[in-house]
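Text of coords.pdb (PDB, C-alpha atoms) as supplied:
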```
ATOM      1  CA  MET C   1       0.000   0.000   0.000
ATOM      2  CA  THR C   2       1.378   3.380  -1.023
ATOM      3  CA  LYS C   3       2.064   6.236   1.373
ATOM      4  CA  ARG C   4      -0.695   8.301  -0.299
ATOM      5  CA  ALA C   5      -3.239   5.511   0.274
ATOM      6  CA  LEU C   6      -2.290   5.264   3.938
ATOM      7  CA  ILE C   7      -2.817   9.021   4.334
ATOM      8  CA  ARG C   8      -6.250   8.817   2.675
ATOM      9  CA  ILE C   9      -7.289   5.966   5.010
ATOM     10  CA  ALA C  10      -6.120   7.951   8.043
ATOM     11  CA  ILE C  11      -8.094  11.024   6.923
ATOM     12  CA  LEU C  12     -11.193   8.907   6.287
ATOM     13  CA  SER C  13     -10.939   7.272   9.746
ATOM     14  CA  THR C  14     -10.569  10.655  11.428
ATOM     15  CA  THR C  15     -13.601  11.992   9.535
ATOM     16  CA  ILE C  16     -15.719   9.020  10.593
ATOM     17  CA  LEU C  17     -14.626   9.471  14.237
ATOM     18  CA  LEU C  18     -15.470  13.197  14.273
ATOM     19  CA  THR C  19     -18.811  12.544  12.607
ATOM     20  CA  THR C  20     -19.649   9.961  15.262
ATOM     21  CA  ILE C  21     -18.687  12.355  18.078
ATOM     22  CA  LEU C  22     -20.665  15.271  16.637
ATOM     23  CA  THR C  23     -23.662  13.064  15.918
ATOM     24  CA  GLY C  24     -23.571  11.842  19.495
ATOM     25  CA  CYS C  25     -23.515  15.423  20.760
ATOM     26  CA  LYS C  26     -26.474  16.363  18.584
ATOM     27  CA  THR C  27     -28.557  13.433  19.731
ATOM     28  CA  THR C  28     -27.717  13.980  23.391
ATOM     29  CA  THR C  29     -28.306  17.735  23.565
ATOM     30  CA  PRO C  30     -31.964  17.806  22.462
ATOM     31  CA  THR C  31     -32.771  15.088  24.980
ATOM     32  CA  THR C  32     -31.294  17.202  27.758
ATOM     33  CA  ASN C  33     -33.138  20.320  26.572
ATOM     34  CA  SER C  34     -36.344  18.366  26.272
ATOM     35  CA  ASN C  35     -36.116  17.254  29.876
ATOM     36  CA  SER C  36     -35.385  20.766  31.146
ATOM     37  CA  ASN C  37     -38.205  22.229  29.060
ATOM     38  CA  SER C  38     -40.787  19.574  29.848
ATOM     39  CA  LYS C  39     -42.429  21.947  32.326
ATOM     40  CA  ILE C  40     -44.162  25.131  31.249
ATOM     41  CA  LEU C  41     -42.138  28.146  32.362
ATOM     42  CA  VAL C  42     -44.216  30.883  33.973
ATOM     43  CA  VAL C  43     -43.259  33.942  36.006
ATOM     44  CA  ALA C  44     -45.099  35.407  39.004
ATOM     45  CA  SER C  45     -44.456  38.842  40.445
ATOM     46  CA  ILE C  46     -44.641  38.129  44.210
ATOM     47  CA  PRO C  47     -44.385  35.027  46.460
ATOM     48  CA  PRO C  48     -48.136  34.618  47.178
ATOM     49  CA  ILE C  49     -48.978  34.629  43.468
ATOM     50  CA  SER C  50     -46.088  32.269  42.812
ATOM     51  CA  ASN C  51     -47.525  29.873  45.375
ATOM     52  CA  PHE C  52     -50.991  30.071  43.805
ATOM     53  CA  VAL C  53     -49.484  29.095  40.449
ATOM     54  CA  LYS C  54     -47.584  26.190  41.996
ATOM     55  CA  GLU C  55     -50.710  24.921  43.733
ATOM     56  CA  VAL C  56     -52.702  24.952  40.505
ATOM     57  CA  GLY C  57     -49.922  23.999  38.094
ATOM     58  CA  GLY C  58     -48.363  21.221  40.133
ATOM     59  CA  ASP C  59     -45.668  19.260  38.328
ATOM     60  CA  ARG C  60     -46.622  20.658  34.934
ATOM     61  CA  VAL C  61     -45.206  24.127  35.569
ATOM     62  CA  GLU C  62     -41.948  25.734  36.605
ATOM     63  CA  VAL C  63     -42.560  28.988  38.444
ATOM     64  CA  LEU C  64     -40.062  31.835  38.782
ATOM     65  CA  THR C  65     -40.715  34.675  41.234
ATOM     66  CA  MET C  66     -39.688  38.234  40.391
ATOM     67  CA  VAL C  67     -39.793  39.811  43.883
ATOM     68  CA  PRO C  68     -37.821  37.489  46.186
ATOM     69  CA  PRO C  69     -38.944  36.675  49.739
ATOM     70  CA  GLY C  70     -37.956  39.422  52.154
ATOM     71  CA  ALA C  71     -38.029  42.192  49.538
ATOM     72  CA  SER C  72     -40.765  44.779  49.102
ATOM     73  CA  PRO C  73     -42.638  44.901  45.785
ATOM     74  CA  HIS C  74     -43.029  48.644  46.288
ATOM     75  CA  THR C  75     -39.306  49.207  45.799
ATOM     76  CA  TYR C  76     -37.890  46.088  44.096
ATOM     77  CA  GLU C  77     -36.750  46.147  40.480
ATOM     78  CA  PRO C  78     -36.055  42.990  38.420
ATOM     79  CA  THR C  79     -32.495  41.866  37.786
ATOM     80  CA  PRO C  80     -31.059  41.372  34.274
ATOM     81  CA  ALA C  81     -31.266  37.596  34.787
ATOM     82  CA  GLN C  82     -34.964  37.856  35.604
ATOM     83  CA  MET C  83     -35.527  40.011  32.561
ATOM     84  CA  ARG C  84     -33.940  37.270  30.449
ATOM     85  CA  ASP C  85     -36.263  34.695  32.008
ATOM     86  CA  LEU C  86     -39.209  36.618  30.591
ATOM     87  CA  THR C  87     -37.926  36.039  27.073
ATOM     88  CA  HIS C  88     -38.609  32.292  27.496
ATOM     89  CA  ALA C  89     -41.724  32.331  29.703
ATOM     90  CA  ARG C  90     -45.213  31.438  28.540
ATOM     91  CA  ALA C  91     -47.055  33.539  31.121
ATOM     92  CA  LEU C  92     -46.418  36.432  33.472
ATOM     93  CA  PHE C  93     -48.846  36.655  36.391
ATOM     94  CA  LEU C  94     -49.098  40.145  37.847
ATOM     95  CA  ASN C  95     -51.119  41.521  40.738
ATOM     96  CA  GLY C  96     -51.767  44.864  39.065
ATOM     97  CA  VAL C  97     -53.159  48.057  40.642
ATOM     98  CA  GLY C  98     -49.757  49.678  40.299
ATOM     99  CA  LEU C  99     -47.860  47.154  42.434
ATOM    100  CA  GLU C 100     -45.520  46.076  39.635
ATOM    101  CA  PHE C 101     -44.331  49.516  38.563
ATOM    102  CA  TRP C 102     -41.611  47.816  36.501
ATOM    103  CA  ALA C 103     -43.955  45.590  34.474
ATOM    104  CA  ASP C 104     -44.423  47.612  31.281
ATOM    105  CA  LYS C 105     -40.705  48.160  30.872
ATOM    106  CA  ALA C 106     -39.897  44.507  31.548
ATOM    107  CA  ILE C 107     -42.527  43.190  29.139
ATOM    108  CA  LYS C 108     -41.321  45.487  26.386
ATOM    109  CA  ALA C 109     -37.691  44.510  26.950
ATOM    110  CA  ALA C 110     -38.554  40.799  26.906
ATOM    111  CA  ASP C 111     -39.962  41.128  23.373
ATOM    112  CA  ASN C 112     -41.582  37.708  23.777
ATOM    113  CA  PRO C 113     -44.577  37.174  21.456
ATOM    114  CA  ASN C 114     -45.475  33.963  23.330
ATOM    115  CA  LEU C 115     -45.674  35.689  26.725
ATOM    116  CA  GLN C 116     -49.232  35.899  28.030
ATOM    117  CA  VAL C 117     -49.530  38.712  30.575
ATOM    118  CA  VAL C 118     -52.283  38.152  33.143
ATOM    119  CA  VAL C 119     -53.239  40.921  35.583
ATOM    120  CA  LEU C 120     -55.038  38.971  38.288
ATOM    121  CA  SER C 121     -56.862  41.916  39.873
ATOM    122  CA  GLU C 122     -58.612  42.924  36.652
ATOM    123  CA  GLY C 123     -62.380  43.098  37.056
ATOM    124  CA  MET C 124     -62.237  43.219  40.853
ATOM    125  CA  GLN C 125     -63.438  45.991  43.152
ATOM    126  CA  ILE C 126     -60.437  48.108  44.157
ATOM    127  CA  LEU C 127     -60.273  50.049  47.402
ATOM    128  CA  GLU C 128     -58.954  53.604  47.299
ATOM    129  CA  SER C 129     -55.450  54.359  48.525
ATOM    130  CA  SER C 130     -53.776  57.588  49.610
ATOM    131  CA  GLU C 131     -50.376  56.248  48.453
ATOM    132  CA  ASN C 132     -51.378  54.920  45.028
ATOM    133  CA  ALA C 133     -53.646  56.661  42.536
ATOM    134  CA  ALA C 134     -54.603  53.300  41.023
ATOM    135  CA  GLY C 135     -55.918  52.105  44.388
ATOM    136  CA  ASN C 136     -54.830  49.641  47.052
ATOM    137  CA  PRO C 137     -53.087  46.662  45.418
ATOM    138  CA  HIS C 138     -53.088  44.177  48.326
ATOM    139  CA  LEU C 139     -56.124  42.119  47.332
ATOM    140  CA  TRP C 140     -54.416  38.751  47.854
ATOM    141  CA  LEU C 141     -54.487  39.263  51.642
ATOM    142  CA  SER C 142     -58.215  38.574  51.602
ATOM    143  CA  PRO C 143     -58.706  34.819  51.029
ATOM    144  CA  LYS C 144     -62.036  35.298  49.272
ATOM    145  CA  ARG C 145     -60.345  37.668  46.808
ATOM    146  CA  ALA C 146     -57.388  35.298  46.504
ATOM    147  CA  LYS C 147     -59.870  32.732  45.175
ATOM    148  CA  HIS C 148     -60.429  34.959  42.149
ATOM    149  CA  TYR C 149     -56.671  34.942  41.542
ATOM    150  CA  VAL C 150     -56.604  31.147  41.658
ATOM    151  CA  GLU C 151     -59.488  30.876  39.199
ATOM    152  CA  ARG C 152     -57.750  33.220  36.749
ATOM    153  CA  ILE C 153     -54.539  31.227  37.052
ATOM    154  CA  ARG C 154     -56.416  27.966  36.431
ATOM    155  CA  ASP C 155     -58.087  29.331  33.315
ATOM    156  CA  THR C 156     -54.823  30.732  31.960
ATOM    157  CA  LEU C 157     -52.900  27.482  32.434
ATOM    158  CA  ILE C 158     -55.679  25.542  30.714
ATOM    159  CA  GLU C 159     -55.504  27.954  27.794
ATOM    160  CA  ILE C 160     -51.725  27.616  27.525
ATOM    161  CA  ASP C 161     -51.650  23.866  28.140
ATOM    162  CA  PRO C 162     -55.010  22.236  27.226
ATOM    163  CA  GLU C 163     -53.574  18.751  27.792
ATOM    164  CA  GLY C 164     -53.225  19.574  31.489
ATOM    165  CA  LYS C 165     -56.836  20.711  31.939
ATOM    166  CA  ALA C 166     -57.852  17.838  34.220
ATOM    167  CA  THR C 167     -54.799  18.411  36.426
ATOM    168  CA  TYR C 168     -55.302  22.156  36.657
ATOM    169  CA  GLN C 169     -59.015  21.791  37.371
ATOM    170  CA  ALA C 170     -58.507  19.196  40.103
ATOM    171  CA  ASN C 171     -55.677  21.147  41.744
ATOM    172  CA  ALA C 172     -57.690  24.370  41.660
ATOM    173  CA  ASP C 173     -60.784  22.703  43.126
ATOM    174  CA  ARG C 174     -58.737  21.287  45.996
ATOM    175  CA  TYR C 175     -56.997  24.580  46.686
ATOM    176  CA  LEU C 176     -60.165  26.666  46.477
ATOM    177  CA  ALA C 177     -61.673  24.407  49.144
ATOM    178  CA  GLU C 178     -58.631  25.046  51.337
ATOM    179  CA  LEU C 179     -59.083  28.790  50.873
ATOM    180  CA  ASP C 180     -62.725  28.423  51.893
ATOM    181  CA  GLN C 181     -61.579  26.693  55.073
ATOM    182  CA  LEU C 182     -59.055  29.462  55.717
ATOM    183  CA  ASP C 183     -61.796  32.054  55.310
ATOM    184  CA  ALA C 184     -64.014  30.188  57.778
ATOM    185  CA  ASP C 185     -61.195  29.893  60.307
ATOM    186  CA  ILE C 186     -60.450  33.614  60.089
ATOM    187  CA  ARG C 187     -64.095  34.538  60.551
ATOM    188  CA  ASP C 188     -64.335  32.280  63.589
ATOM    189  CA  ALA C 189     -61.212  33.825  65.122
ATOM    190  CA  VAL C 190     -62.255  37.426  64.431
ATOM    191  CA  ALA C 191     -65.587  36.786  66.132
ATOM    192  CA  HIS C 192     -63.660  36.341  69.379
ATOM    193  CA  PHE C 193     -61.256  39.281  69.126
ATOM    194  CA  LYS C 194     -61.433  41.605  72.114
ATOM    195  CA  SER C 195     -60.481  44.570  69.916
ATOM    196  CA  ARG C 196     -61.040  45.310  66.245
ATOM    197  CA  GLU C 197     -58.791  48.379  66.107
ATOM    198  CA  MET C 198     -55.727  47.794  63.914
ATOM    199  CA  VAL C 199     -52.637  49.950  63.666
ATOM    200  CA  THR C 200     -50.608  48.637  60.762
ATOM    201  CA  PHE C 201     -47.312  49.561  59.159
ATOM    202  CA  HIS C 202     -49.012  50.611  55.939
ATOM    203  CA  ALA C 203     -52.372  49.961  54.310
ATOM    204  CA  SER C 204     -51.542  46.460  53.080
ATOM    205  CA  TRP C 205     -54.286  44.925  55.237
ATOM    206  CA  ALA C 206     -57.116  47.113  53.956
ATOM    207  CA  TYR C 207     -58.940  44.281  52.145
ATOM    208  CA  PHE C 208     -58.542  41.915  55.086
ATOM    209  CA  ILE C 209     -59.831  44.603  57.438
ATOM    210  CA  HIS C 210     -62.729  45.382  55.100
ATOM    211  CA  ASP C 211     -63.774  41.754  54.558
ATOM    212  CA  TYR C 212     -63.583  40.660  58.204
ATOM    213  CA  GLY C 213     -65.194  43.629  59.908
ATOM    214  CA  LEU C 214     -62.087  45.124  61.514
ATOM    215  CA  HIS C 215     -61.168  48.824  61.682
ATOM    216  CA  GLN C 216     -58.069  50.613  60.404
ATOM    217  CA  ALA C 217     -57.304  52.901  63.333
ATOM    218  CA  ALA C 218     -54.021  54.225  61.932
ATOM    219  CA  VAL C 219     -51.271  53.585  59.384
ATOM    220  CA  LEU C 220     -47.635  54.240  60.273
ATOM    221  CA  GLU C 221     -46.327  54.921  56.781
ATOM    222  CA  THR C 222     -48.686  56.284  54.153
ATOM    223  CA  THR C 223     -45.860  55.752  51.642
ATOM    224  CA  PRO C 224     -43.829  52.554  52.190
ATOM    225  CA  GLY C 225     -40.232  53.376  53.073
ATOM    226  CA  LYS C 226     -41.010  56.941  54.204
ATOM    227  CA  GLU C 227     -41.001  57.093  57.991
ATOM    228  CA  PRO C 228     -43.647  59.224  59.744
ATOM    229  CA  SER C 229     -42.766  62.724  60.845
ATOM    230  CA  ALA C 230     -42.679  63.744  64.508
ATOM    231  CA  ALA C 231     -46.154  65.260  64.139
ATOM    232  CA  GLU C 232     -47.475  62.078  62.539
ATOM    233  CA  VAL C 233     -45.954  59.969  65.308
ATOM    234  CA  ALA C 234     -47.681  62.095  67.938
ATOM    235  CA  GLU C 235     -50.988  61.815  66.077
ATOM    236  CA  ILE C 236     -50.749  58.016  65.811
ATOM    237  CA  VAL C 237     -49.890  57.698  69.499
ATOM    238  CA  GLU C 238     -52.949  59.800  70.343
ATOM    239  CA  ILE C 239     -55.141  57.596  68.111
ATOM    240  CA  ILE C 240     -53.875  54.438  69.806
ATOM    241  CA  LYS C 241     -54.669  55.827  73.236
ATOM    242  CA  ARG C 242     -58.072  57.135  72.159
ATOM    243  CA  THR C 243     -59.238  53.973  70.359
ATOM    244  CA  GLY C 244     -57.620  51.500  72.718
ATOM    245  CA  ALA C 245     -55.811  49.767  69.862
ATOM    246  CA  PRO C 246     -53.871  47.055  71.720
ATOM    247  CA  ALA C 247     -50.843  46.627  69.432
ATOM    248  CA  VAL C 248     -48.798  48.049  66.584
ATOM    249  CA  PHE C 249     -48.185  45.704  63.662
ATOM    250  CA  ALA C 250     -44.883  46.029  61.801
ATOM    251  CA  GLU C 251     -43.856  44.255  58.574
ATOM    252  CA  PRO C 252     -40.675  42.197  58.041
ATOM    253  CA  GLN C 253     -39.937  43.870  54.692
ATOM    254  CA  PHE C 254     -39.329  47.233  56.391
ATOM    255  CA  SER C 255     -37.425  48.555  59.394
ATOM    256  CA  PRO C 256     -39.470  48.266  62.621
ATOM    257  CA  ARG C 257     -37.904  51.418  64.072
ATOM    258  CA  ALA C 258     -40.915  53.703  63.615
ATOM    259  CA  ALA C 259     -43.285  51.017  64.861
ATOM    260  CA  GLN C 260     -41.195  50.527  68.002
ATOM    261  CA  VAL C 261     -41.014  54.267  68.740
ATOM    262  CA  ILE C 262     -44.785  54.644  68.423
ATOM    263  CA  ALA C 263     -45.511  51.502  70.420
ATOM    264  CA  ASP C 264     -43.208  52.607  73.239
ATOM    265  CA  GLU C 265     -44.877  56.035  73.375
ATOM    266  CA  ALA C 266     -48.336  54.457  73.410
ATOM    267  CA  GLY C 267     -47.428  51.683  75.836
ATOM    268  CA  VAL C 268     -48.414  48.779  73.556
ATOM    269  CA  PRO C 269     -46.424  45.877  72.075
ATOM    270  CA  VAL C 270     -45.081  45.560  68.536
ATOM    271  CA  LEU C 271     -46.082  42.445  66.600
ATOM    272  CA  THR C 272     -45.424  41.490  62.999
ATOM    273  CA  LEU C 273     -47.810  40.875  60.110
ATOM    274  CA  ASP C 274     -46.236  39.563  56.920
ATOM    275  CA  PRO C 275     -48.058  40.413  53.661
ATOM    276  CA  LEU C 276     -45.738  38.396  51.397
ATOM    277  CA  GLY C 277     -44.208  35.349  53.081
ATOM    278  CA  GLY C 278     -42.113  33.022  50.955
ATOM    279  CA  LEU C 279     -39.756  32.068  53.790
ATOM    280  CA  PRO C 280     -40.154  29.389  56.517
ATOM    281  CA  PRO C 281     -42.313  29.042  58.532
ATOM    282  CA  ARG C 282     -44.620  30.944  56.173
ATOM    283  CA  GLU C 283     -43.336  29.820  52.769
ATOM    284  CA  THR C 284     -46.808  29.069  51.373
ATOM    285  CA  TYR C 285     -49.856  31.315  51.280
ATOM    286  CA  LEU C 286     -51.834  29.115  53.678
ATOM    287  CA  LYS C 287     -48.963  28.933  56.169
ATOM    288  CA  LEU C 288     -48.504  32.683  55.821
ATOM    289  CA  MET C 289     -52.132  33.505  56.514
ATOM    290  CA  TYR C 290     -52.480  31.123  59.456
ATOM    291  CA  TRP C 291     -49.265  32.581  60.893
ATOM    292  CA  ASN C 292     -50.678  36.091  60.488
ATOM    293  CA  LEU C 293     -53.914  34.967  62.117
ATOM    294  CA  GLU C 294     -51.983  33.841  65.191
ATOM    295  CA  GLN C 295     -50.273  37.241  65.314
ATOM    296  CA  LEU C 296     -53.654  38.941  65.169
ATOM    297  CA  LYS C 297     -54.936  36.773  67.988
ATOM    298  CA  LYS C 298     -51.972  37.834  70.129
ATOM    299  CA  GLY C 299     -52.324  41.494  69.196
ATOM    300  CA  LEU C 300     -56.092  41.887  69.354
ATOM    301  CA  GLY C 301     -56.668  39.676  72.372
ATOM    302  CA  ALA C 302     -58.666  36.686  71.169
ATOM    303  CA  ASP C 303     -61.127  35.188  73.613
ATOM    304  CA  THR C 304     -61.543  31.435  73.548
ATOM    305  CA  PRO C 305     -65.011  30.323  72.320
TER     306      PRO C 305
END
```
Exercise: express the given structure as structure tokens:
Amino acid sequence: MTKRALIRIAILSTTILLTTILTGCKTTTPTTNSNSNSKILVVASIPPISNFVKEVGGDRVEVLTMVPPGASPHTYEPTPAQMRDLTHARALFLNGVGLEFWADKAIKAADNPNLQVVVLSEGMQILESSENAAGNPHLWLSPKRAKHYVERIRDTLIEIDPEGKATYQANADRYLAELDQLDADIRDAVAHFKSREMVTFHASWAYFIHDYGLHQAAVLETTPGKEPSAAEVAEIVEIIKRTGAPAVFAEPQFSPRAAQVIADEAGVPVLTLDPLGGLPPRETYLKLMYWNLEQLKKGLGADTP
């Protein structure tokens, strides 16, 4: 065999080897991508909405949360990585009523024609707010209003993924029943509160207060992140003494300094109400709301039935 023939055989063998390697890579990569993309990617703005989507979507969805646990949606802005996630997502679930001030910019930047944007508060009665011209955005803190969110999420997932309809329907039915039980438990507890006067960090509990017959005696910060002035502190202290409000409720997303100053002046304790959760022991909406209910019992002096 000539030297030229040997060279041609060597080249042919090398070509066959490279082809085999590249073919193997091509057959392996789509399998990996298929596994990672087997779930429908959706994005939720805040932890409670994220949990609603997980409850309804189950194993068929992968849920990413824009505002991480411990952060305030009133001040948080998405990271570049989160903005990139929107370019691949099938749905973006927003609360609306001005809570996600970053939404329009993020949706435009994502430039994702397959992204279905769902504003869960659309069509619902919105309470007025002194801090937000669009109204008070904290509807999810009323379980009966949260049910509307869950129904919208169910319908959206069915539209995006018709094959999962039975799963989404069954999961939603189960979860809606759990929200009904939560509502009943709250009503039973509120019926035995010694006081109905609430002094909260800001007006995040307006829908809860409205739906369960409580009274908003005072709000510490009309604008989240802006501490009350000396005159406002004095006014709130006077309101607490006049109404007999038994506690001041702070929020873990903000400094408790103003709450502690006011509580000390008024001679009442500071307790915490968490509107967002996402962290143990209140990582789910139900755990969050039952935890908050226990805080309310401590603060408002629940009588035993």
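If you measure from each of C:Ser204, C:Ser229, C:Gln116, C:Ser38 to C:Gly135 using all atoms listed in the file, the closest one turns out to be C:Ser204.
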When you look at C:Lys194 with a cut-off of 7 Å (counting only C-alpha atoms), what residues show up, excluding the ones that are within fewer than 6 positions of it in the same chain? I need them as a ChimeraX atom specification. /C:300-303
Among listed residues C:His210, C:Trp102, C:Pro73, C:Phe52, nearest C:Arg174 (using only C-alpha atoms): C:Phe52
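Using all atoms listed in the file for every distance, the candidate list C:Glu251, C:Glu221, C:Glu62, C:Glu55 yields C:Glu55 as the residue closest to C:Glu178.
With distances restricted to all atoms listed in the file, C:Ala110 is the closest residue to C:Arg84 from C:Ala103, C:Ala110, C:Ala71, C:Val43.
Across the model, the gap from atom CA of C:Thr65 to atom CA of C:Lys287 is 18.0 Å.
When only C-alpha atoms are used to measure the gap to C:Val233, the shortest distance among C:Gln260, C:Thr156, C:Thr284, C:Ser45 belongs to C:Gln260.
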When distances are computed from only C-alpha atoms, which of C:Lys226, C:Arg154, C:His215, C:Arg145 shows the smallest separation from C:Glu131? C:Lys226
For this file, the PyMOL selection byres ((chain C and resi 228) around 12) selects which residues, as a PDB file with C-alpha atoms, keeping the file's coordinate frame?
```pdb
ATOM      1  CA  PHE C 201     -47.312  49.561  59.159  1.00  0.00           C
ATOM      2  CA  HIS C 202     -49.012  50.611  55.939  1.00  0.00           C
ATOM      3  CA  ALA C 218     -54.021  54.225  61.932  1.00  0.00           C
ATOM      4  CA  VAL C 219     -51.271  53.585  59.384  1.00  0.00           C
ATOM      5  CA  LEU C 220     -47.635  54.240  60.273  1.00  0.00           C
ATOM      6  CA  GLU C 221     -46.327  54.921  56.781  1.00  0.00           C
ATOM      7  CA  THR C 222     -48.686  56.284  54.153  1.00  0.00           C
ATOM      8  CA  THR C 223     -45.860  55.752  51.642  1.00  0.00           C
ATOM      9  CA  PRO C 224     -43.829  52.554  52.190  1.00  0.00           C
ATOM     10  CA  GLY C 225     -40.232  53.376  53.073  1.00  0.00           C
ATOM     11  CA  LYS C 226     -41.010  56.941  54.204  1.00  0.00           C
ATOM     12  CA  GLU C 227     -41.001  57.093  57.991  1.00  0.00           C
ATOM     13  CA  SER C 229     -42.766  62.724  60.845  1.00  0.00           C
ATOM     14  CA  ALA C 230     -42.679  63.744  64.508  1.00  0.00           C
ATOM     15  CA  ALA C 231     -46.154  65.260  64.139  1.00  0.00           C
ATOM     16  CA  GLU C 232     -47.475  62.078  62.539  1.00  0.00           C
ATOM     17  CA  VAL C 233     -45.954  59.969  65.308  1.00  0.00           C
ATOM     18  CA  ALA C 234     -47.681  62.095  67.938  1.00  0.00           C
ATOM     19  CA  GLU C 235     -50.988  61.815  66.077  1.00  0.00           C
ATOM     20  CA  ILE C 236     -50.749  58.016  65.811  1.00  0.00           C
ATOM     21  CA  VAL C 237     -49.890  57.698  69.499  1.00  0.00           C
ATOM     22  CA  ARG C 257     -37.904  51.418  64.072  1.00  0.00           C
ATOM     23  CA  ALA C 258     -40.915  53.703  63.615  1.00  0.00           C
ATOM     24  CA  ALA C 259     -43.285  51.017  64.861  1.00  0.00           C
ATOM     25  CA  VAL C 261     -41.014  54.267  68.740  1.00  0.00           C
ATOM     26  CA  ILE C 262     -44.785  54.644  68.423  1.00  0.00           C
TER      27      ILE C 262
END
```
Given the file above and the PyMOL selection byres ((chain C and resi 119) around 7), which residues are selected, and can you give them as a PyMOL selection string? chain C and resi 93-96+117-118+120-122
Take the PyMOL selection byres ((chain C and resi 127) around 12), run it mentally on this structure, and tell me the resulting residues as an mmCIF file with C-alpha atoms, in the coordinates of the input.
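As a result, result_28.cif now contains:
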```
data_model
loop_
_atom_site.group_PDB
_atom_site.id
_atom_site.type_symbol
_atom_site.label_atom_id
_atom_site.label_comp_id
_atom_site.auth_asym_id
_atom_site.auth_seq_id
_atom_site.Cartn_x
_atom_site.Cartn_y
_atom_site.Cartn_z
ATOM 1 C CA VAL C 97 -53.159 48.057 40.642
ATOM 2 C CA SER C 121 -56.862 41.916 39.873
ATOM 3 C CA MET C 124 -62.237 43.219 40.853
ATOM 4 C CA GLN C 125 -63.438 45.991 43.152
ATOM 5 C CA ILE C 126 -60.437 48.108 44.157
ATOM 6 C CA GLU C 128 -58.954 53.604 47.299
ATOM 7 C CA SER C 129 -55.450 54.359 48.525
ATOM 8 C CA SER C 130 -53.776 57.588 49.610
ATOM 9 C CA GLU C 131 -50.376 56.248 48.453
ATOM 10 C CA ASN C 132 -51.378 54.920 45.028
ATOM 11 C CA ALA C 133 -53.646 56.661 42.536
ATOM 12 C CA ALA C 134 -54.603 53.300 41.023
ATOM 13 C CA GLY C 135 -55.918 52.105 44.388
ATOM 14 C CA ASN C 136 -54.830 49.641 47.052
ATOM 15 C CA PRO C 137 -53.087 46.662 45.418
ATOM 16 C CA HIS C 138 -53.088 44.177 48.326
ATOM 17 C CA LEU C 139 -56.124 42.119 47.332
ATOM 18 C CA ALA C 203 -52.372 49.961 54.310
ATOM 19 C CA SER C 204 -51.542 46.460 53.080
ATOM 20 C CA TRP C 205 -54.286 44.925 55.237
ATOM 21 C CA ALA C 206 -57.116 47.113 53.956
ATOM 22 C CA TYR C 207 -58.940 44.281 52.145
ATOM 23 C CA PHE C 208 -58.542 41.915 55.086
ATOM 24 C CA ILE C 209 -59.831 44.603 57.438
ATOM 25 C CA HIS C 210 -62.729 45.382 55.100
ATOM 26 C CA ASP C 211 -63.774 41.754 54.558
#
```
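Computed from the coordinates, the atom CA of C:Arg90 to atom CA of C:Ala44 distance equals 11.2 Å.
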Between atom CA of C:Val248 and atom CA of C:Val67, measure the distance and give it in Å to one decimal. 25.8 Å
Selection: 12 Å around C:Ala81, all atoms listed in the file, excl. self and same-chain fewer than 2 positions, as JSON, numbers by chain: {"C": [64, 65, 66, 77, 78, 79, 83, 84, 85, 86, 87, 88, 106, 110]}
Please tell me which residues are no farther than 9 Å from (-62.3, 39.3, 65.4) in the file, counting all atoms listed in the file, and write them as a list in words. Ile186, Arg187, Asp188, Ala189, Val190, Ala191, His192, Phe193, Lys194, Ser195, Arg196, Tyr212, Gly213, Leu214, Leu296, Lys297, Leu300, Gly301 and Ala302 of chain C
Which residues come within 7 Å of stretch 165-172 of chain C, counting all atoms listed in the file, excluding same-chain residues fewer than 4 positions away, as a ChimeraX atom specification? /C:55-57,150,154,158,176
Give me stretch 39-47 of chain C with N, CA and C atoms filled in, as a PDB file, keeping the file's coordinate frame.
```pdb
ATOM      1  N   LYS C  39     -41.468  21.166  31.565  1.00  0.00           N
ATOM      2  CA  LYS C  39     -42.429  21.947  32.326  1.00  0.00           C
ATOM      3  C   LYS C  39     -42.651  23.294  31.643  1.00  0.00           C
ATOM      4  N   ILE C  40     -43.842  23.824  31.814  1.00  0.00           N
ATOM      5  CA  ILE C  40     -44.162  25.131  31.249  1.00  0.00           C
ATOM      6  C   ILE C  40     -43.574  26.205  32.157  1.00  0.00           C
ATOM      7  N   LEU C  41     -42.774  27.086  31.586  1.00  0.00           N
ATOM      8  CA  LEU C  41     -42.138  28.146  32.362  1.00  0.00           C
ATOM      9  C   LEU C  41     -43.070  29.340  32.488  1.00  0.00           C
ATOM     10  N   VAL C  42     -43.389  29.703  33.720  1.00  0.00           N
ATOM     11  CA  VAL C  42     -44.216  30.883  33.973  1.00  0.00           C
ATOM     12  C   VAL C  42     -43.531  31.724  35.048  1.00  0.00           C
ATOM     13  N   VAL C  43     -43.854  33.000  35.059  1.00  0.00           N
ATOM     14  CA  VAL C  43     -43.259  33.942  36.006  1.00  0.00           C
ATOM     15  C   VAL C  43     -44.374  34.602  36.803  1.00  0.00           C
ATOM     16  N   ALA C  44     -44.148  34.729  38.119  1.00  0.00           N
ATOM     17  CA  ALA C  44     -45.099  35.407  39.004  1.00  0.00           C
ATOM     18  C   ALA C  44     -44.384  36.575  39.669  1.00  0.00           C
ATOM     19  N   SER C  45     -45.110  37.634  39.938  1.00  0.00           N
ATOM     20  CA  SER C  45     -44.456  38.842  40.445  1.00  0.00           C
ATOM     21  C   SER C  45     -44.057  38.735  41.907  1.00  0.00           C
ATOM     22  N   ILE C  46     -44.903  38.159  42.768  1.00  0.00           N
ATOM     23  CA  ILE C  46     -44.641  38.129  44.210  1.00  0.00           C
ATOM     24  C   ILE C  46     -44.860  36.714  44.748  1.00  0.00           C
ATOM     25  N   PRO C  47     -44.284  36.386  45.926  1.00  0.00           N
ATOM     26  CA  PRO C  47     -44.385  35.027  46.460  1.00  0.00           C
ATOM     27  C   PRO C  47     -45.804  34.470  46.597  1.00  0.00           C
TER      28      PRO C  47
END
```
